[in-house]
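Peer 1: mmCIF, C-alpha atoms, file data.cif:
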data_coords
loop_
_atom_site.group_PDB
_atom_site.id
_atom_site.type_symbol
_atom_site.label_atom_id
_atom_site.label_comp_id
_atom_site.auth_asym_id
_atom_site.auth_seq_id
_atom_site.Cartn_x
_atom_site.Cartn_y
_atom_site.Cartn_z
ATOM 1 C CA MET A 1 -18.910 -25.005 18.612
ATOM 2 C CA PRO A 2 -19.076 -23.440 15.155
ATOM 3 C CA ILE A 3 -21.996 -21.514 13.718
ATOM 4 C CA TYR A 4 -23.178 -22.880 10.387
ATOM 5 C CA GLU A 5 -25.145 -20.955 7.803
ATOM 6 C CA LEU A 6 -27.681 -23.264 6.158
ATOM 7 C CA ALA A 7 -29.906 -23.071 3.081
ATOM 8 C CA CYS A 8 -32.637 -25.299 1.656
ATOM 9 C CA ASP A 9 -33.596 -25.855 -1.999
ATOM 10 C CA ALA A 10 -36.464 -23.350 -1.627
ATOM 11 C CA GLY A 11 -33.905 -20.616 -0.834
ATOM 12 C CA HIS A 12 -34.617 -20.175 2.868
ATOM 13 C CA ARG A 13 -31.561 -19.395 4.968
ATOM 14 C CA SER A 14 -30.883 -19.998 8.639
ATOM 15 C CA GLU A 15 -28.035 -20.367 11.105
ATOM 16 C CA THR A 16 -27.365 -23.077 13.638
ATOM 17 C CA LEU A 17 -24.864 -23.564 16.424
ATOM 18 C CA GLN A 18 -23.884 -27.231 16.647
ATOM 19 C CA ALA A 19 -21.003 -29.665 16.703
ATOM 20 C CA SER A 20 -19.529 -30.598 13.336
ATOM 21 C CA THR A 21 -20.437 -34.264 13.885
ATOM 22 C CA ASP A 22 -24.173 -33.608 14.461
ATOM 23 C CA PRO A 23 -26.563 -34.056 11.504
ATOM 24 C CA LEU A 24 -27.851 -30.874 9.891
ATOM 25 C CA PRO A 25 -31.294 -29.759 11.066
ATOM 26 C CA ALA A 26 -34.265 -29.374 8.711
ATOM 27 C CA CYS A 27 -35.187 -25.924 7.370
ATOM 28 C CA PRO A 28 -37.169 -24.073 10.071
ATOM 29 C CA ALA A 29 -39.350 -22.371 7.407
ATOM 30 C CA CYS A 30 -40.387 -25.336 5.237
ATOM 31 C CA GLY A 31 -38.925 -28.485 6.830
ATOM 32 C CA ALA A 32 -36.819 -29.398 3.765
ATOM 33 C CA ALA A 33 -33.272 -30.766 3.968
ATOM 34 C CA THR A 34 -30.527 -28.169 4.346
ATOM 35 C CA ARG A 35 -26.947 -27.799 3.200
ATOM 36 C CA LYS A 36 -24.039 -25.791 4.589
ATOM 37 C CA LEU A 37 -23.131 -22.505 2.912
ATOM 38 C CA PRO A 38 -19.738 -20.856 2.958
ATOM 39 C CA SER A 39 -20.013 -18.156 5.580
ATOM 40 C CA GLY A 40 -18.631 -14.677 5.275
ATOM 41 C CA PHE A 41 -16.265 -13.579 7.973
ATOM 42 C CA GLY A 42 -15.087 -10.295 9.334
ATOM 43 C CA VAL A 43 -11.546 -9.267 9.929
ATOM 44 C CA GLY A 44 -10.860 -6.554 12.459
ATOM 45 C CA GLY A 45 -8.374 -3.794 11.937
ATOM 46 C CA THR A 46 -7.133 -2.024 8.848
ATOM 47 C CA ALA A 47 -4.408 -2.765 6.381
ATOM 48 C CA SER A 48 -1.901 -0.143 5.422
ATOM 49 C CA VAL A 49 0.715 -0.164 2.725
ATOM 50 C CA PRO A 50 4.073 1.371 3.609
ATOM 51 C CA PRO A 51 4.846 4.384 1.407
ATOM 52 C CA PRO A 52 7.355 4.063 -1.440
ATOM 53 C CA ALA A 53 10.824 5.521 -1.070
ATOM 54 C CA GLU A 54 9.821 8.658 -3.000
ATOM 55 C CA ARG A 55 7.396 9.602 -0.229
ATOM 56 C CA MET A 56 9.871 9.080 2.601
ATOM 57 C CA PRO A 57 11.733 12.122 3.992
ATOM 58 C CA GLN A 58 14.750 12.983 1.859
ATOM 59 C CA THR A 59 16.379 15.667 3.983
ATOM 60 C CA TRP A 60 17.781 16.133 7.489
ATOM 61 C CA LYS A 61 14.958 18.542 8.240
ATOM 62 C CA GLY A 62 12.426 15.909 7.103
ATOM 63 C CA THR A 63 13.674 13.494 9.760
ATOM 64 C CA HIS A 64 12.891 16.027 12.504
ATOM 65 C CA ARG A 65 16.590 16.891 12.567
ATOM 66 C CA GLY A 66 17.636 13.292 13.035
ATOM 67 C CA ASP A 67 15.277 12.441 15.893
ATOM 68 C CA ARG A 68 16.397 8.948 16.925
ATOM 69 C CA ASP A 69 12.896 7.505 17.475
ATOM 70 C CA TYR A 70 11.585 8.961 14.199
ATOM 71 C CA VAL A 71 14.557 7.685 12.199
ATOM 72 C CA THR A 72 14.074 4.222 13.757
ATOM 73 C CA HIS A 73 10.406 4.356 12.731
ATOM 74 C CA LEU A 74 11.397 5.374 9.188
ATOM 75 C CA ARG A 75 13.840 2.461 8.989
ATOM 76 C CA ARG A 76 11.081 0.023 9.997
ATOM 77 C CA VAL A 77 8.720 1.509 7.425
ATOM 78 C CA ALA A 78 11.404 1.256 4.713
ATOM 79 C CA ASP A 79 12.125 -2.369 5.670
ATOM 80 C CA ALA A 80 8.402 -3.197 5.560
ATOM 81 C CA ARG A 81 8.140 -1.635 2.074
ATOM 82 C CA ARG A 82 11.193 -3.579 0.872
ATOM 83 C CA ASP A 83 9.685 -6.847 2.151
ATOM 84 C CA LEU A 84 6.324 -6.010 0.534
ATOM 85 C CA GLU A 85 7.972 -5.304 -2.824
ATOM 86 C CA ALA A 86 9.963 -8.554 -2.581
ATOM 87 C CA ARG A 87 6.708 -10.492 -2.165
ATOM 88 C CA ASN A 88 4.802 -8.401 -4.740
ATOM 89 C CA PRO A 89 7.146 -7.211 -7.506
ATOM 90 C CA GLU A 90 4.289 -5.420 -9.281
ATOM 91 C CA LEU A 91 4.274 -2.864 -6.429
ATOM 92 C CA ALA A 92 7.947 -2.013 -6.860
ATOM 93 C CA GLY A 93 8.407 1.432 -8.267
ATOM 94 C CA ASP A 94 11.274 3.010 -10.130
ATOM 95 C CA HIS A 95 14.492 2.107 -8.281
ATOM 96 C CA ARG A 96 16.834 4.280 -10.326
ATOM 97 C CA PRO A 97 18.810 6.718 -8.156
ATOM 98 C CA VAL A 98 17.258 10.153 -7.668
ATOM 99 C CA LEU A 99 19.668 12.860 -8.819
ATOM 100 C CA ALA A 100 17.555 15.890 -7.879
ATOM 101 C CA HIS A 101 14.393 16.182 -5.829
ATOM 102 C CA GLU A 102 14.229 19.797 -4.680
ATOM 103 C CA GLY A 103 13.332 23.065 -6.362
ATOM 104 C CA ARG A 104 11.863 22.536 -9.819
ATOM 105 C CA PHE A 105 12.220 18.755 -9.409
ATOM 106 C CA GLU A 106 10.052 18.605 -6.274
ATOM 107 C CA GLY A 107 6.943 17.410 -8.152
ATOM 108 C CA SER A 108 8.813 15.045 -10.454
ATOM 109 C CA PRO A 109 12.272 13.932 -9.262
ATOM 110 C CA LEU A 110 15.101 13.707 -11.792
ATOM 111 C CA ARG A 111 16.352 10.114 -11.959
ATOM 112 C CA ALA A 112 19.456 8.580 -13.460
ATOM 113 C CA GLY A 113 18.832 7.907 -17.154
ATOM 114 C CA ASP A 114 16.116 10.569 -17.579
ATOM 115 C CA PRO A 115 16.636 13.013 -20.445
ATOM 116 C CA ALA A 116 18.022 16.400 -19.432
ATOM 117 C CA PRO A 117 15.094 18.739 -18.749
ATOM 118 C CA PRO A 118 14.937 22.103 -20.507
ATOM 119 C CA ARG A 119 16.562 24.916 -18.567
ATOM 120 C CA PRO A 120 14.234 27.590 -17.207
ATOM 121 C CA ALA A 121 14.249 30.928 -19.023
ATOM 122 C CA GLY A 122 17.019 33.249 -17.832
ATOM 123 C CA ALA A 123 19.148 30.452 -16.379
ATOM 124 C CA ASP A 124 21.451 29.987 -19.357
ATOM 125 C CA GLY A 125 24.401 31.735 -17.651
ATOM 126 C CA ALA A 126 24.892 34.161 -20.560
ATOM 127 C CA ALA A 127 24.934 37.272 -18.392
ATOM 128 C CA GLY A 128 28.128 39.217 -18.960
ATOM 129 C CA GLU A 129 29.096 37.277 -22.093
ATOM 130 C CA GLY A 130 29.576 39.042 -25.381
ATOM 131 C CA SER A 131 30.741 42.327 -23.887
ATOM 132 C CA ALA A 132 33.909 43.697 -25.428
ATOM 133 C CA THR A 133 36.391 45.169 -22.996
#
Let me see whether you can do it: turn the structure in this file into structure tokens.
Peer 2:
Amino acid sequence: MPIYELACDAGHRSETLQASTDPLPACPACGAATRKLPSGFGVGGTASVPPPAERMPQTWKGTHRGDRDYVTHLRRVADARRDLEARNPELAGDHRPVLAHEGRFEGSPLRAGDPAPPRPAGADGAAGEGSAT
């Protein structure tokens, strides 16, 4: 039997447990006619969103040196993310290939089509040039 949440015109609320074919009872506070209200419901558990590809391990070391169970878990997570993005395209991130993700690109990976970043000072490779021998 379902539980119905009821309300009367005076604003009193009550609940009743009865068959759906039974007539609605009068308001217990004032005796007025009642009507069914949409009831809230609770859902147990928590929802989690699989991480995007950028947050998945990118190196052999990141996969616990190729641990079979961990790699299988990562594959399932990646498949779940792919399915989520197929259903919700607005969640899909940048799918351009990552060209560099370590060192100075750790915080912001270099992707195909990005402009070339400025070279760090002292990395121009000019050491030893210009010397006359």
Peer 1: In Å, with one decimal, what is the gap from atom CA of A:His95 to atom CA of A:Thr46?
Peer 2: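 Going from atom CA of A:His95 over to atom CA of A:Thr46 covers 27.9 Å.
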Peer 1: Can you work out which one of A:Leu37, A:Cys27, A:Leu110, A:Leu17 has the shortest atom-to-atom distance to A:Glu5, counting only C-alpha atoms?
Peer 2: A:Leu37
Peer 1: Using all atoms listed in the file, which residues sit within 6 Å of A:Ala112 once same-chain residues fewer than 2 positions away are excluded, as a ChimeraX atom specification?
Peer 2: /A:96-97,114
Peer 1: Would you kindly return, as a list in words, each protein, DNA or RNA residue with an atom no farther than 8 Å from any atom of A:Met1, considering all atoms listed in the file and excluding same-chain residues fewer than 2 positions away?
Peer 2: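 Once the adjacent positions are removed, what remains is Ile3, Leu17, Gln18, Ala19 and Ser20 of chain A.
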Peer 1: Could you state which residues are captured by the PyMOL selection byres ((chain A and resi 26) around 12) in this file, as a VMD selection string?
Peer 2: chain A and resid 6 to 9 12 to 16 23 to 25 27 to 36
Peer 1: Please write the residues picked by the PyMOL selection byres ((chain A and resi 99) around 6) on this file as a CSV table (one decimal) with C-alpha atoms, in the coordinates of the input.
Peer 2:
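Written output follows (expr_27.csv):
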chain,number,residue,atom,x,y,z
A,98,VAL,CA,17.3,10.2,-7.7
A,100,ALA,CA,17.6,15.9,-7.9
A,110,LEU,CA,15.1,13.7,-11.8
A,111,ARG,CA,16.4,10.1,-12.0
Peer 1: Closest to A:Phe105 among A:Pro118, A:Pro2, A:Arg76, A:Arg87, using only C-alpha atoms?
Peer 2: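 Between A:Pro118, A:Pro2, A:Arg76, A:Arg87, the residue approaching A:Phe105 most closely is A:Pro118.
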Peer 1: Fix up stretch 59-86 of chain A with N, CA and C atoms, then write it as an mmCIF file, in the frame of the given file.
Peer 2:
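The result, stored in selection.cif:
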data_model
loop_
_atom_site.group_PDB
_atom_site.id
_atom_site.type_symbol
_atom_site.label_atom_id
_atom_site.label_comp_id
_atom_site.auth_asym_id
_atom_site.auth_seq_id
_atom_site.Cartn_x
_atom_site.Cartn_y
_atom_site.Cartn_z
ATOM 1 N N THR A 59 15.439 14.681 3.448
ATOM 2 C CA THR A 59 16.379 15.667 3.983
ATOM 3 C C THR A 59 16.527 15.506 5.496
ATOM 4 N N TRP A 60 17.549 16.137 6.045
ATOM 5 C CA TRP A 60 17.781 16.133 7.489
ATOM 6 C C TRP A 60 16.603 16.764 8.211
ATOM 7 N N LYS A 61 16.095 17.851 7.648
ATOM 8 C CA LYS A 61 14.958 18.542 8.240
ATOM 9 C C LYS A 61 13.722 17.633 8.245
ATOM 10 N N GLY A 62 13.565 16.816 7.204
ATOM 11 C CA GLY A 62 12.426 15.909 7.103
ATOM 12 C C GLY A 62 12.437 14.793 8.133
ATOM 13 N N THR A 63 13.581 14.534 8.723
ATOM 14 C CA THR A 63 13.674 13.494 9.760
ATOM 15 C C THR A 63 13.584 14.102 11.154
ATOM 16 N N HIS A 64 12.993 15.300 11.226
ATOM 17 C CA HIS A 64 12.891 16.027 12.504
ATOM 18 C C HIS A 64 14.279 16.233 13.099
ATOM 19 N N ARG A 65 15.198 16.615 12.198
ATOM 20 C CA ARG A 65 16.590 16.891 12.567
ATOM 21 C C ARG A 65 17.270 15.668 13.180
ATOM 22 N N GLY A 66 16.977 14.521 12.610
ATOM 23 C CA GLY A 66 17.636 13.292 13.035
ATOM 24 C C GLY A 66 17.116 12.709 14.327
ATOM 25 N N ASP A 67 15.861 12.996 14.671
ATOM 26 C CA ASP A 67 15.277 12.441 15.893
ATOM 27 C C ASP A 67 15.422 10.914 15.872
ATOM 28 N N ARG A 68 16.056 10.371 16.886
ATOM 29 C CA ARG A 68 16.397 8.948 16.925
ATOM 30 C C ARG A 68 15.167 8.048 16.790
ATOM 31 N N ASP A 69 14.100 8.344 17.537
ATOM 32 C CA ASP A 69 12.896 7.505 17.475
ATOM 33 C C ASP A 69 12.240 7.588 16.102
ATOM 34 N N TYR A 70 12.210 8.795 15.514
ATOM 35 C CA TYR A 70 11.585 8.961 14.199
ATOM 36 C C TYR A 70 12.398 8.260 13.115
ATOM 37 N N VAL A 71 13.707 8.359 13.186
ATOM 38 C CA VAL A 71 14.557 7.685 12.199
ATOM 39 C C VAL A 71 14.412 6.168 12.324
ATOM 40 N N THR A 72 14.301 5.656 13.547
ATOM 41 C CA THR A 72 14.074 4.222 13.757
ATOM 42 C C THR A 72 12.744 3.808 13.139
ATOM 43 N N HIS A 73 11.715 4.626 13.336
ATOM 44 C CA HIS A 73 10.406 4.356 12.731
ATOM 45 C C HIS A 73 10.517 4.349 11.202
ATOM 46 N N LEU A 74 11.238 5.323 10.642
ATOM 47 C CA LEU A 74 11.397 5.374 9.188
ATOM 48 C C LEU A 74 12.111 4.134 8.659
ATOM 49 N N ARG A 75 13.103 3.670 9.397
ATOM 50 C CA ARG A 75 13.840 2.461 8.989
ATOM 51 C C ARG A 75 12.897 1.256 8.956
ATOM 52 N N ARG A 76 12.034 1.138 9.962
ATOM 53 C CA ARG A 76 11.081 0.023 9.997
ATOM 54 C C ARG A 76 10.097 0.110 8.840
ATOM 55 N N VAL A 77 9.646 1.321 8.551
ATOM 56 C CA VAL A 77 8.720 1.509 7.425
ATOM 57 C C VAL A 77 9.408 1.141 6.113
ATOM 58 N N ALA A 78 10.657 1.574 5.934
ATOM 59 C CA ALA A 78 11.404 1.256 4.713
ATOM 60 C C ALA A 78 11.628 -0.251 4.584
ATOM 61 N N ASP A 79 11.944 -0.911 5.696
ATOM 62 C CA ASP A 79 12.125 -2.369 5.670
ATOM 63 C C ASP A 79 10.820 -3.078 5.323
ATOM 64 N N ALA A 80 9.702 -2.600 5.870
ATOM 65 C CA ALA A 80 8.402 -3.197 5.560
ATOM 66 C C ALA A 80 8.079 -3.024 4.082
ATOM 67 N N ARG A 81 8.387 -1.860 3.501
ATOM 68 C CA ARG A 81 8.140 -1.635 2.074
ATOM 69 C C ARG A 81 9.019 -2.545 1.230
ATOM 70 N N ARG A 82 10.291 -2.697 1.611
ATOM 71 C CA ARG A 82 11.193 -3.579 0.872
ATOM 72 C C ARG A 82 10.677 -5.023 0.886
ATOM 73 N N ASP A 83 10.217 -5.488 2.048
ATOM 74 C CA ASP A 83 9.685 -6.847 2.151
ATOM 75 C C ASP A 83 8.414 -6.995 1.324
ATOM 76 N N LEU A 84 7.550 -5.974 1.328
ATOM 77 C CA LEU A 84 6.324 -6.010 0.534
ATOM 78 C C LEU A 84 6.641 -6.086 -0.949
ATOM 79 N N GLU A 85 7.598 -5.288 -1.411
ATOM 80 C CA GLU A 85 7.972 -5.304 -2.824
ATOM 81 C C GLU A 85 8.648 -6.615 -3.216
ATOM 82 N N ALA A 86 9.348 -7.255 -2.284
ATOM 83 C CA ALA A 86 9.963 -8.554 -2.581
ATOM 84 C C ALA A 86 8.888 -9.620 -2.794
#
